[in-house]
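A quick write-up on the structure given underneath.
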Amino acid sequence: MSPCAPDPSPETADAVGGPTGKAGPVATAGPCADGGLLLAATPIGNHADASFRLVDLLATVDVVAAEDTRRLKRLLATLGVEPAGRIVAYHEHNETEKTPELVDRMAAGDRVLLVTDAGMPSVSDPGYRLVTACIDAGLPLTCIPGPSAVPVALALSGLPVDRFCFEGFCPRKPGERRRRLEDLAQERRTMVFFEAPHRLHATLTDMAEAFGGQRRAAVCRELTKTYEEVRRGPLSDLVEWAAGEVRGEITIVVEGDAPRPADPQQALAEVLERVAAGERLRPACKAVAAATGLSASGLYDEAVLARRRD
């Protein structure tokens, strides 16, 4: 529960009405009612994905800090929202100077709503600096969840999503990009990347080289928009497809590395090395078993026999 205000009751949350005059839930006071930071996800393409809570806050907060004020005004016009508060620009080029100003306003009791061009602030977008400044200042903050390209792309990819990691944008310089991908070659989790369309072919080419051309992947383009497209297949096929002109917002999902059969003798040797270094036998067996997928009890029995032979 927020230190600012209690959670809204179901009866209050189910009320109808709203700042646009359309039927729908009314956002209650909730967290940060007396000042603080509200991080809000904005639609990643389809403006109809905006939540009732976002619409209410855009109309009522004291300050809306936007990555691009022109894009925000287009969103406001589409949603039929007239903001009561001040709109300020907050982006990577002015974060350093604007962060203390916004912190001062929140300390004085203002509610500051932070929005980026699309998706969730701080996720490859401005916001992290302001979040840490609020935490350091002891100011309350909360998040208004909503659209994000990461879970949407994962859901559409057809790849395993029980475990995944978000890698953001790959480095722009070819050498740095290749080294980053080589470091990820044995990552077991499904990986999600953002990429600019003009670098897509080069990035997919480097991925095919680092991960292998048969590694499965999906390129998701213009998610939630009219011309949404998802291309699925081995990286080698996607490289060939991306050689042509590709436009729009791009999210890449890549299958994790498949587990390789462990060598029982090598695993036993590692157990014995750990024991020789001072580790107890049973914990050493459990650690090696977790890393290799082999049986801990089997490793223990083999290690006992090996020690007797010695």
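Note on naming: chains are A, B, ... as they come in the structure tokens, residues start from 1 per chain, ligands start from 1 in the order shown.
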
(message) List as a PyMOL selection string the protein and nucleic acid residues near Ala65 (chain A), meaning an atom at most 7 Å away when only C-alpha atoms are counted, but skip any in the same chain fewer than 6 places from it.
(response) chain A and resi 87-90+112-115

Suppose we keep N, CA and C atoms; can you now write the selection as an mmCIF file, in the first residue's frame?
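Dumped to result-v4.cif:
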```
data_model
loop_
_atom_site.group_PDB
_atom_site.id
_atom_site.type_symbol
_atom_site.label_atom_id
_atom_site.label_comp_id
_atom_site.auth_asym_id
_atom_site.auth_seq_id
_atom_site.Cartn_x
_atom_site.Cartn_y
_atom_site.Cartn_z
ATOM 1 N N ILE A 87 2.511 21.506 -19.042
ATOM 2 C CA ILE A 87 3.240 20.515 -19.828
ATOM 3 C C ILE A 87 4.680 20.983 -19.984
ATOM 4 N N VAL A 88 5.630 20.097 -19.639
ATOM 5 C CA VAL A 88 7.049 20.439 -19.768
ATOM 6 C C VAL A 88 7.760 19.325 -20.534
ATOM 7 N N ALA A 89 8.805 19.685 -21.225
ATOM 8 C CA ALA A 89 9.613 18.702 -21.950
ATOM 9 C C ALA A 89 10.598 18.045 -20.983
ATOM 10 N N TYR A 90 10.712 16.733 -21.076
ATOM 11 C CA TYR A 90 11.669 15.997 -20.247
ATOM 12 C C TYR A 90 12.226 14.865 -21.100
ATOM 13 N N VAL A 112 3.430 14.919 -10.445
ATOM 14 C CA VAL A 112 4.102 14.980 -11.751
ATOM 15 C C VAL A 112 3.873 13.657 -12.465
ATOM 16 N N LEU A 113 3.280 13.746 -13.651
ATOM 17 C CA LEU A 113 3.048 12.578 -14.487
ATOM 18 C C LEU A 113 4.121 12.528 -15.566
ATOM 19 N N LEU A 114 4.899 11.442 -15.605
ATOM 20 C CA LEU A 114 5.965 11.301 -16.596
ATOM 21 C C LEU A 114 5.517 10.337 -17.687
ATOM 22 N N VAL A 115 5.535 10.822 -18.944
ATOM 23 C CA VAL A 115 5.184 9.985 -20.084
ATOM 24 C C VAL A 115 6.275 10.099 -21.143
#
```

(request) Quick one: everything within 6 Å of Phe193 (chain A), counting only C-alpha atoms, minus sequence neighbours fewer than 5 positions away in the same chain. Send it as a VMD selection string. (result) chain A and resid 167 to 169 251 to 252

(message) Please determine, counting only C-alpha atoms, which residue among A:Ile250, A:Asp117, A:Glu101, A:Asn94 has the shortest atom-to-atom distance to Leu75 (chain A).
(response) A:Asp117

(request) Determine, counting only C-alpha atoms, which protein, DNA and RNA residues have an atom within 9 Å of an atom of region 177-180 of chain A; residues of the same chain fewer than 3 positions away are not included. Present the result as a list of chain:residue names. (result) A:Cys170, A:Pro171, A:Arg172, A:Lys173, A:Pro174, A:Asp183, A:Leu184, A:Thr203, A:Asp206, A:Met207, A:Glu209, A:Ala210

Could you write those residues out with N, CA and C atoms, as a PDB file, in the first residue's frame?
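The resulting file, out11.pdb, is reproduced below:
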```pdb
ATOM      1  N   CYS A 170      20.874  -2.755 -29.319  1.00  0.00           N
ATOM      2  CA  CYS A 170      22.265  -3.180 -29.489  1.00  0.00           C
ATOM      3  C   CYS A 170      23.136  -1.957 -29.767  1.00  0.00           C
ATOM      4  N   PRO A 171      24.426  -2.017 -29.450  1.00  0.00           N
ATOM      5  CA  PRO A 171      25.323  -0.905 -29.778  1.00  0.00           C
ATOM      6  C   PRO A 171      25.275  -0.583 -31.265  1.00  0.00           C
ATOM      7  N   ARG A 172      25.436   0.694 -31.590  1.00  0.00           N
ATOM      8  CA  ARG A 172      25.378   1.110 -32.993  1.00  0.00           C
ATOM      9  C   ARG A 172      26.634   0.733 -33.759  1.00  0.00           C
ATOM     10  N   LYS A 173      27.792   0.773 -33.106  1.00  0.00           N
ATOM     11  CA  LYS A 173      29.043   0.464 -33.793  1.00  0.00           C
ATOM     12  C   LYS A 173      29.133  -1.039 -34.020  1.00  0.00           C
ATOM     13  N   PRO A 174      29.474  -1.448 -35.256  1.00  0.00           N
ATOM     14  CA  PRO A 174      29.475  -2.878 -35.595  1.00  0.00           C
ATOM     15  C   PRO A 174      30.319  -3.746 -34.663  1.00  0.00           C
ATOM     16  N   ASP A 183      28.645 -12.229 -26.422  1.00  0.00           N
ATOM     17  CA  ASP A 183      28.488 -12.444 -24.984  1.00  0.00           C
ATOM     18  C   ASP A 183      27.152 -13.109 -24.651  1.00  0.00           C
ATOM     19  N   LEU A 184      26.157 -12.931 -25.535  1.00  0.00           N
ATOM     20  CA  LEU A 184      24.815 -13.474 -25.293  1.00  0.00           C
ATOM     21  C   LEU A 184      24.591 -14.816 -25.978  1.00  0.00           C
ATOM     22  N   THR A 203      22.008  -5.876 -37.825  1.00  0.00           N
ATOM     23  CA  THR A 203      21.869  -6.523 -36.517  1.00  0.00           C
ATOM     24  C   THR A 203      21.477  -7.983 -36.669  1.00  0.00           C
ATOM     25  N   ASP A 206      24.507  -9.969 -37.739  1.00  0.00           N
ATOM     26  CA  ASP A 206      25.409 -10.241 -36.623  1.00  0.00           C
ATOM     27  C   ASP A 206      24.819 -11.269 -35.662  1.00  0.00           C
ATOM     28  N   MET A 207      23.496 -11.244 -35.487  1.00  0.00           N
ATOM     29  CA  MET A 207      22.851 -12.245 -34.634  1.00  0.00           C
ATOM     30  C   MET A 207      23.008 -13.642 -35.221  1.00  0.00           C
ATOM     31  N   GLU A 209      25.361 -14.700 -37.093  1.00  0.00           N
ATOM     32  CA  GLU A 209      26.750 -15.122 -36.937  1.00  0.00           C
ATOM     33  C   GLU A 209      27.049 -15.519 -35.498  1.00  0.00           C
ATOM     34  N   ALA A 210      26.520 -14.768 -34.537  1.00  0.00           N
ATOM     35  CA  ALA A 210      26.813 -15.035 -33.127  1.00  0.00           C
ATOM     36  C   ALA A 210      26.007 -16.213 -32.584  1.00  0.00           C
TER      37      ALA A 210
END
```

(request) Measure the distance from CA of Ala258 (chain A) to CA of Gln186 (chain A) in Å and round it to one decimal. (result) 8.1 Å

Give me, as a tab-separated table, each residue of region 102-210 of chain A that comes within 12 Å of region 50-61 of chain A, together with its shortest interatomic pair and the distance in Å at one decimal, counting only C-alpha atoms, with rows ordered by chain and rising residue number.
```
residue	atom	partner	partner_atom	distance
A:Met106	CA	A:Val61	CA	11.2
A:Gly109	CA	A:Val61	CA	11.0
A:Asp110	CA	A:Val61	CA	7.8
A:Arg111	CA	A:Val61	CA	5.5
A:Val112	CA	A:Val61	CA	6.5
A:Leu113	CA	A:Val61	CA	6.7
A:Leu114	CA	A:Leu58	CA	9.8
A:Val115	CA	A:Leu58	CA	9.6
A:Ala118	CA	A:Ala50	CA	10.7
A:Gly119	CA	A:Ala50	CA	10.5
A:Cys143	CA	A:Leu54	CA	10.4
A:Ile144	CA	A:Leu54	CA	7.1
A:Pro145	CA	A:Ser51	CA	8.7
A:Gly146	CA	A:Ser51	CA	7.1
A:Pro147	CA	A:Ala50	CA	8.0
A:Ser148	CA	A:Ala50	CA	11.6
```

Go ahead and save the picked residues with N, CA, C and O atoms, as an mmCIF file, in the first residue's frame.
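This is the output file out.cif:
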```cif
data_model
loop_
_atom_site.group_PDB
_atom_site.id
_atom_site.type_symbol
_atom_site.label_atom_id
_atom_site.label_comp_id
_atom_site.auth_asym_id
_atom_site.auth_seq_id
_atom_site.Cartn_x
_atom_site.Cartn_y
_atom_site.Cartn_z
ATOM 1 N N MET A 106 7.553 18.337 -6.745
ATOM 2 C CA MET A 106 6.914 17.230 -6.039
ATOM 3 C C MET A 106 7.042 17.393 -4.530
ATOM 4 O O MET A 106 6.111 17.096 -3.772
ATOM 5 N N GLY A 109 4.396 19.427 -3.167
ATOM 6 C CA GLY A 109 3.052 18.872 -3.197
ATOM 7 C C GLY A 109 2.460 18.640 -4.563
ATOM 8 O O GLY A 109 1.309 18.199 -4.669
ATOM 9 N N ASP A 110 3.206 18.924 -5.625
ATOM 10 C CA ASP A 110 2.684 18.714 -6.978
ATOM 11 C C ASP A 110 2.731 17.238 -7.365
ATOM 12 O O ASP A 110 3.639 16.501 -6.972
ATOM 13 N N ARG A 111 1.746 16.848 -8.155
ATOM 14 C CA ARG A 111 1.765 15.526 -8.771
ATOM 15 C C ARG A 111 2.352 15.677 -10.177
ATOM 16 O O ARG A 111 1.853 16.452 -10.983
ATOM 17 N N VAL A 112 3.430 14.919 -10.445
ATOM 18 C CA VAL A 112 4.102 14.980 -11.751
ATOM 19 C C VAL A 112 3.873 13.657 -12.465
ATOM 20 O O VAL A 112 4.224 12.593 -11.957
ATOM 21 N N LEU A 113 3.280 13.746 -13.651
ATOM 22 C CA LEU A 113 3.048 12.578 -14.487
ATOM 23 C C LEU A 113 4.121 12.528 -15.566
ATOM 24 O O LEU A 113 4.261 13.467 -16.350
ATOM 25 N N LEU A 114 4.899 11.442 -15.605
ATOM 26 C CA LEU A 114 5.965 11.301 -16.596
ATOM 27 C C LEU A 114 5.517 10.337 -17.687
ATOM 28 O O LEU A 114 5.146 9.193 -17.411
ATOM 29 N N VAL A 115 5.535 10.822 -18.944
ATOM 30 C CA VAL A 115 5.184 9.985 -20.084
ATOM 31 C C VAL A 115 6.275 10.099 -21.143
ATOM 32 O O VAL A 115 6.938 11.131 -21.260
ATOM 33 N N ALA A 118 6.144 6.480 -26.297
ATOM 34 C CA ALA A 118 5.343 5.261 -26.376
ATOM 35 C C ALA A 118 5.898 4.253 -25.383
ATOM 36 O O ALA A 118 7.100 4.142 -25.206
ATOM 37 N N GLY A 119 5.002 3.536 -24.728
ATOM 38 C CA GLY A 119 5.448 2.519 -23.793
ATOM 39 C C GLY A 119 5.754 3.064 -22.410
ATOM 40 O O GLY A 119 5.265 4.117 -22.010
ATOM 41 N N CYS A 143 3.320 3.681 -10.425
ATOM 42 C CA CYS A 143 3.336 3.422 -11.864
ATOM 43 C C CYS A 143 1.928 3.116 -12.353
ATOM 44 O O CYS A 143 1.191 2.363 -11.710
ATOM 45 N N ILE A 144 1.575 3.717 -13.472
ATOM 46 C CA ILE A 144 0.300 3.429 -14.127
ATOM 47 C C ILE A 144 0.619 2.474 -15.264
ATOM 48 O O ILE A 144 1.177 2.883 -16.289
ATOM 49 N N PRO A 145 0.332 1.187 -15.114
ATOM 50 C CA PRO A 145 0.742 0.206 -16.121
ATOM 51 C C PRO A 145 -0.027 0.383 -17.418
ATOM 52 O O PRO A 145 -1.062 1.048 -17.471
ATOM 53 N N GLY A 146 0.505 -0.224 -18.453
ATOM 54 C CA GLY A 146 -0.147 -0.116 -19.748
ATOM 55 C C GLY A 146 0.684 -0.743 -20.840
ATOM 56 O O GLY A 146 1.497 -1.633 -20.581
ATOM 57 N N PRO A 147 0.538 -0.275 -22.069
ATOM 58 C CA PRO A 147 1.189 -0.914 -23.215
ATOM 59 C C PRO A 147 2.712 -0.889 -23.118
ATOM 60 O O PRO A 147 3.301 0.067 -22.638
ATOM 61 N N SER A 148 3.329 -1.962 -23.608
ATOM 62 C CA SER A 148 4.774 -2.049 -23.727
ATOM 63 C C SER A 148 5.089 -3.034 -24.848
ATOM 64 O O SER A 148 4.474 -4.105 -24.928
#
```

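Minimum distance to Thr190 (chain A) across A:Val254, A:Ala202, A:Leu76, A:Val150 (counting only C-alpha atoms) occurs at A:Val254.
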
(message) Need to verify the contact set: Leu299 (chain A), 8 Å, only C-alpha atoms, exclusion of same-chain residues closer than 4 positions in sequence. Can you return it as a PyMOL selection string?
(response) chain A and resi 267-268+271+285+289+294-295+303

Those residues with all heavy atoms, as a PDB file, in the first residue's frame please?
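Final file, part34.pdb:
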```
ATOM      1  N   ALA A 267      32.075 -33.130 -15.467  1.00  0.00           N
ATOM      2  CA  ALA A 267      31.346 -32.665 -14.295  1.00  0.00           C
ATOM      3  C   ALA A 267      31.932 -33.253 -13.020  1.00  0.00           C
ATOM      4  O   ALA A 267      32.075 -32.554 -12.001  1.00  0.00           O
ATOM      5  CB  ALA A 267      29.869 -33.037 -14.416  1.00  0.00           C
ATOM      6  N   LEU A 268      32.289 -34.537 -13.056  1.00  0.00           N
ATOM      7  CA  LEU A 268      32.907 -35.182 -11.889  1.00  0.00           C
ATOM      8  C   LEU A 268      34.240 -34.522 -11.567  1.00  0.00           C
ATOM      9  O   LEU A 268      34.556 -34.281 -10.388  1.00  0.00           O
ATOM     10  CB  LEU A 268      33.102 -36.670 -12.174  1.00  0.00           C
ATOM     11  CG  LEU A 268      33.834 -37.473 -11.097  1.00  0.00           C
ATOM     12  CD1 LEU A 268      33.089 -37.411  -9.774  1.00  0.00           C
ATOM     13  CD2 LEU A 268      34.030 -38.920 -11.553  1.00  0.00           C
ATOM     14  N   VAL A 271      33.602 -31.365  -9.703  1.00  0.00           N
ATOM     15  CA  VAL A 271      33.247 -31.636  -8.304  1.00  0.00           C
ATOM     16  C   VAL A 271      34.499 -31.876  -7.485  1.00  0.00           C
ATOM     17  O   VAL A 271      34.685 -31.312  -6.385  1.00  0.00           O
ATOM     18  CB  VAL A 271      32.294 -32.848  -8.215  1.00  0.00           C
ATOM     19  CG1 VAL A 271      32.157 -33.303  -6.749  1.00  0.00           C
ATOM     20  CG2 VAL A 271      30.936 -32.496  -8.777  1.00  0.00           C
ATOM     21  N   CYS A 285      28.475 -31.112  -5.266  1.00  0.00           N
ATOM     22  CA  CYS A 285      27.684 -31.915  -6.200  1.00  0.00           C
ATOM     23  C   CYS A 285      26.404 -31.197  -6.604  1.00  0.00           C
ATOM     24  O   CYS A 285      26.006 -31.211  -7.775  1.00  0.00           O
ATOM     25  CB  CYS A 285      27.343 -33.270  -5.572  1.00  0.00           C
ATOM     26  SG  CYS A 285      28.780 -34.346  -5.342  1.00  0.00           S
ATOM     27  N   ALA A 289      25.566 -30.050 -10.378  1.00  0.00           N
ATOM     28  CA  ALA A 289      24.344 -30.632 -10.937  1.00  0.00           C
ATOM     29  C   ALA A 289      23.412 -29.540 -11.457  1.00  0.00           C
ATOM     30  O   ALA A 289      22.805 -29.681 -12.522  1.00  0.00           O
ATOM     31  CB  ALA A 289      23.639 -31.484  -9.886  1.00  0.00           C
ATOM     32  N   LEU A 294      22.828 -32.662 -14.554  1.00  0.00           N
ATOM     33  CA  LEU A 294      23.076 -34.033 -14.129  1.00  0.00           C
ATOM     34  C   LEU A 294      22.515 -34.272 -12.729  1.00  0.00           C
ATOM     35  O   LEU A 294      22.171 -33.330 -12.015  1.00  0.00           O
ATOM     36  CB  LEU A 294      24.579 -34.323 -14.155  1.00  0.00           C
ATOM     37  CG  LEU A 294      25.247 -34.291 -15.533  1.00  0.00           C
ATOM     38  CD1 LEU A 294      26.754 -34.414 -15.394  1.00  0.00           C
ATOM     39  CD2 LEU A 294      24.691 -35.381 -16.438  1.00  0.00           C
ATOM     40  N   SER A 295      22.448 -35.516 -12.333  1.00  0.00           N
ATOM     41  CA  SER A 295      21.920 -35.871 -11.023  1.00  0.00           C
ATOM     42  C   SER A 295      22.946 -35.569  -9.927  1.00  0.00           C
ATOM     43  O   SER A 295      24.108 -36.011 -10.010  1.00  0.00           O
ATOM     44  CB  SER A 295      21.558 -37.359 -10.994  1.00  0.00           C
ATOM     45  OG  SER A 295      21.373 -37.816  -9.683  1.00  0.00           O
ATOM     46  N   ALA A 303      31.735 -39.412  -7.073  1.00  0.00           N
ATOM     47  CA  ALA A 303      32.825 -38.719  -6.391  1.00  0.00           C
ATOM     48  C   ALA A 303      33.342 -39.539  -5.221  1.00  0.00           C
ATOM     49  O   ALA A 303      34.564 -39.607  -4.974  1.00  0.00           O
ATOM     50  CB  ALA A 303      32.346 -37.357  -5.905  1.00  0.00           C
TER      51      ALA A 303
END
```

(message) Let's see if you can do this: from backbone DSSP, list all alpha helix (DSSP H) residues in region 125-163 of chain A, as a ChimeraX atom specification.
(response) /A:128-137,149-157

Put those residues in a file: N, CA and C atoms, as a JSON list (two decimals), in the first residue's frame.
```json
[["chain", "number", "residue", "atom", "x", "y", "z"],
["A", 128, "TYR", "N", 14.62, 6.95, -15.66],
["A", 128, "TYR", "CA", 15.43, 6.35, -14.60],
["A", 128, "TYR", "C", 16.03, 7.40, -13.68],
["A", 129, "ARG", "N", 16.55, 8.48, -14.25],
["A", 129, "ARG", "CA", 17.18, 9.52, -13.46],
["A", 129, "ARG", "C", 16.18, 10.16, -12.49],
["A", 130, "LEU", "N", 14.96, 10.39, -12.97],
["A", 130, "LEU", "CA", 13.94, 11.02, -12.12],
["A", 130, "LEU", "C", 13.46, 10.05, -11.03],
["A", 131, "VAL", "N", 13.36, 8.78, -11.36],
["A", 131, "VAL", "CA", 12.95, 7.78, -10.37],
["A", 131, "VAL", "C", 13.96, 7.72, -9.23],
["A", 132, "THR", "N", 15.24, 7.64, -9.56],
["A", 132, "THR", "CA", 16.26, 7.55, -8.51],
["A", 132, "THR", "C", 16.32, 8.83, -7.69],
["A", 133, "ALA", "N", 16.07, 9.98, -8.34],
["A", 133, "ALA", "CA", 16.07, 11.24, -7.59],
["A", 133, "ALA", "C", 14.92, 11.28, -6.59],
["A", 134, "CYS", "N", 13.76, 10.75, -6.97],
["A", 134, "CYS", "CA", 12.63, 10.68, -6.05],
["A", 134, "CYS", "C", 12.92, 9.75, -4.88],
["A", 135, "ILE", "N", 13.51, 8.61, -5.18],
["A", 135, "ILE", "CA", 13.85, 7.66, -4.11],
["A", 135, "ILE", "C", 14.85, 8.29, -3.15],
["A", 136, "ASP", "N", 15.86, 8.96, -3.69],
["A", 136, "ASP", "CA", 16.87, 9.60, -2.83],
["A", 136, "ASP", "C", 16.26, 10.70, -1.96],
["A", 137, "ALA", "N", 15.24, 11.38, -2.52],
["A", 137, "ALA", "CA", 14.60, 12.48, -1.78],
["A", 137, "ALA", "C", 13.48, 11.99, -0.87],
["A", 149, "ALA", "N", 6.02, -2.67, -25.71],
["A", 149, "ALA", "CA", 6.35, -3.53, -26.84],
["A", 149, "ALA", "C", 6.97, -4.85, -26.40],
["A", 150, "VAL", "N", 7.61, -4.88, -25.23],
["A", 150, "VAL", "CA", 8.31, -6.10, -24.79],
["A", 150, "VAL", "C", 7.35, -7.26, -24.59],
["A", 151, "PRO", "N", 6.33, -7.17, -23.72],
["A", 151, "PRO", "CA", 5.43, -8.32, -23.56],
["A", 151, "PRO", "C", 4.58, -8.60, -24.79],
["A", 152, "VAL", "N", 4.23, -7.55, -25.55],
["A", 152, "VAL", "CA", 3.44, -7.76, -26.77],
["A", 152, "VAL", "C", 4.22, -8.61, -27.77],
["A", 153, "ALA", "N", 5.49, -8.25, -27.99],
["A", 153, "ALA", "CA", 6.33, -9.00, -28.93],
["A", 153, "ALA", "C", 6.55, -10.43, -28.44],
["A", 154, "LEU", "N", 6.78, -10.60, -27.15],
["A", 154, "LEU", "CA", 6.96, -11.94, -26.60],
["A", 154, "LEU", "C", 5.73, -12.80, -26.85],
["A", 155, "ALA", "N", 4.55, -12.23, -26.60],
["A", 155, "ALA", "CA", 3.32, -12.99, -26.76],
["A", 155, "ALA", "C", 3.10, -13.40, -28.22],
["A", 156, "LEU", "N", 3.51, -12.56, -29.15],
["A", 156, "LEU", "CA", 3.28, -12.84, -30.57],
["A", 156, "LEU", "C", 4.39, -13.67, -31.22],
["A", 157, "SER", "N", 5.52, -13.80, -30.55],
["A", 157, "SER", "CA", 6.70, -14.40, -31.17],
["A", 157, "SER", "C", 6.56, -15.88, -31.45]]
```

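Here CA of Pro283 (chain A) is placed at a distance of 21.3 Å from CA of Arg309 (chain A).
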
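Proximity to Glu249 (chain A) at 12 Å, evaluated using only C-alpha atoms and with sequence-adjacent residues fewer than 4 positions away removed, yields A:Ile44, A:Gly45, A:Asp117, A:Ala118, A:Gly119, A:Ala149, A:Ala153, A:Phe193, A:Phe194, A:Glu195, A:Ala196, A:Pro197, A:His198, A:Arg199, A:Leu200, A:Val219, A:Cys220, A:Arg221, A:Glu222, A:Leu223, A:Thr224, A:Lys225, A:Tyr227, A:Glu228, A:Glu229, A:Val230.
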
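The shortest atom-to-atom distance to Asp162 (chain A), with only C-alpha atoms taken into account, belongs to A:Gly256 out of A:Gly233, A:Gly256, A:Gly80, A:Gly213.
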
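From CA of Leu102 (chain A) back to CA of Glu67 (chain A), the distance works out to 14.0 Å.
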
Skip Asp257 (chain A) itself and residues of its chain fewer than 5 positions away, then list as an mmCIF file with N, CA and C atoms, in the first residue's frame all residues within 10 Å of it, counting only C-alpha atoms.
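Produced file result.cif, reproduced below:
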```cif
data_model
loop_
_atom_site.group_PDB
_atom_site.id
_atom_site.type_symbol
_atom_site.label_atom_id
_atom_site.label_comp_id
_atom_site.auth_asym_id
_atom_site.auth_seq_id
_atom_site.Cartn_x
_atom_site.Cartn_y
_atom_site.Cartn_z
ATOM 1 N N LEU A 184 26.157 -12.931 -25.535
ATOM 2 C CA LEU A 184 24.815 -13.474 -25.293
ATOM 3 C C LEU A 184 24.591 -14.816 -25.978
ATOM 4 N N ALA A 185 25.600 -15.338 -26.647
ATOM 5 C CA ALA A 185 25.423 -16.540 -27.464
ATOM 6 C C ALA A 185 24.927 -17.731 -26.651
ATOM 7 N N GLN A 186 25.296 -17.829 -25.379
ATOM 8 C CA GLN A 186 24.892 -18.967 -24.563
ATOM 9 C C GLN A 186 23.780 -18.611 -23.573
ATOM 10 N N GLU A 187 23.142 -17.461 -23.765
ATOM 11 C CA GLU A 187 22.012 -17.065 -22.921
ATOM 12 C C GLU A 187 20.848 -18.038 -23.147
ATOM 13 N N ARG A 188 20.362 -18.666 -22.076
ATOM 14 C CA ARG A 188 19.312 -19.675 -22.209
ATOM 15 C C ARG A 188 17.914 -19.047 -22.330
ATOM 16 N N ARG A 189 17.745 -17.845 -21.802
ATOM 17 C CA ARG A 189 16.432 -17.219 -21.826
ATOM 18 C C ARG A 189 16.120 -16.622 -23.205
ATOM 19 N N THR A 190 14.849 -16.526 -23.543
ATOM 20 C CA THR A 190 14.440 -15.804 -24.740
ATOM 21 C C THR A 190 14.833 -14.342 -24.583
ATOM 22 N N MET A 191 15.387 -13.756 -25.636
ATOM 23 C CA MET A 191 15.916 -12.387 -25.564
ATOM 24 C C MET A 191 15.054 -11.431 -26.395
ATOM 25 N N PHE A 211 24.728 -16.316 -32.977
ATOM 26 C CA PHE A 211 23.837 -17.324 -32.409
ATOM 27 C C PHE A 211 23.669 -18.554 -33.305
ATOM 28 N N GLY A 212 24.035 -18.416 -34.575
ATOM 29 C CA GLY A 212 23.789 -19.490 -35.537
ATOM 30 C C GLY A 212 22.566 -19.169 -36.379
ATOM 31 N N ARG A 215 18.977 -20.434 -35.370
ATOM 32 C CA ARG A 215 18.307 -19.983 -34.135
ATOM 33 C C ARG A 215 16.990 -19.299 -34.501
ATOM 34 N N ARG A 216 15.904 -19.692 -33.853
ATOM 35 C CA ARG A 216 14.590 -19.127 -34.164
ATOM 36 C C ARG A 216 14.462 -17.701 -33.618
#
```

(request) Looking only at strand (DSSP E or B) from DSSP on the backbone, list the matching residues of region 4-241 of chain A as a ChimeraX atom specification. (result) /A:36-40,42,63-66,86-89,111-115,119,141-144,164-169,190-195,216-221,229-234

(request) Pick out the closest residue to Leu204 (chain A) from this set: A:Glu97, A:Glu92, A:Glu176, A:Asp237. Count only C-alpha atoms. (result) A:Asp237
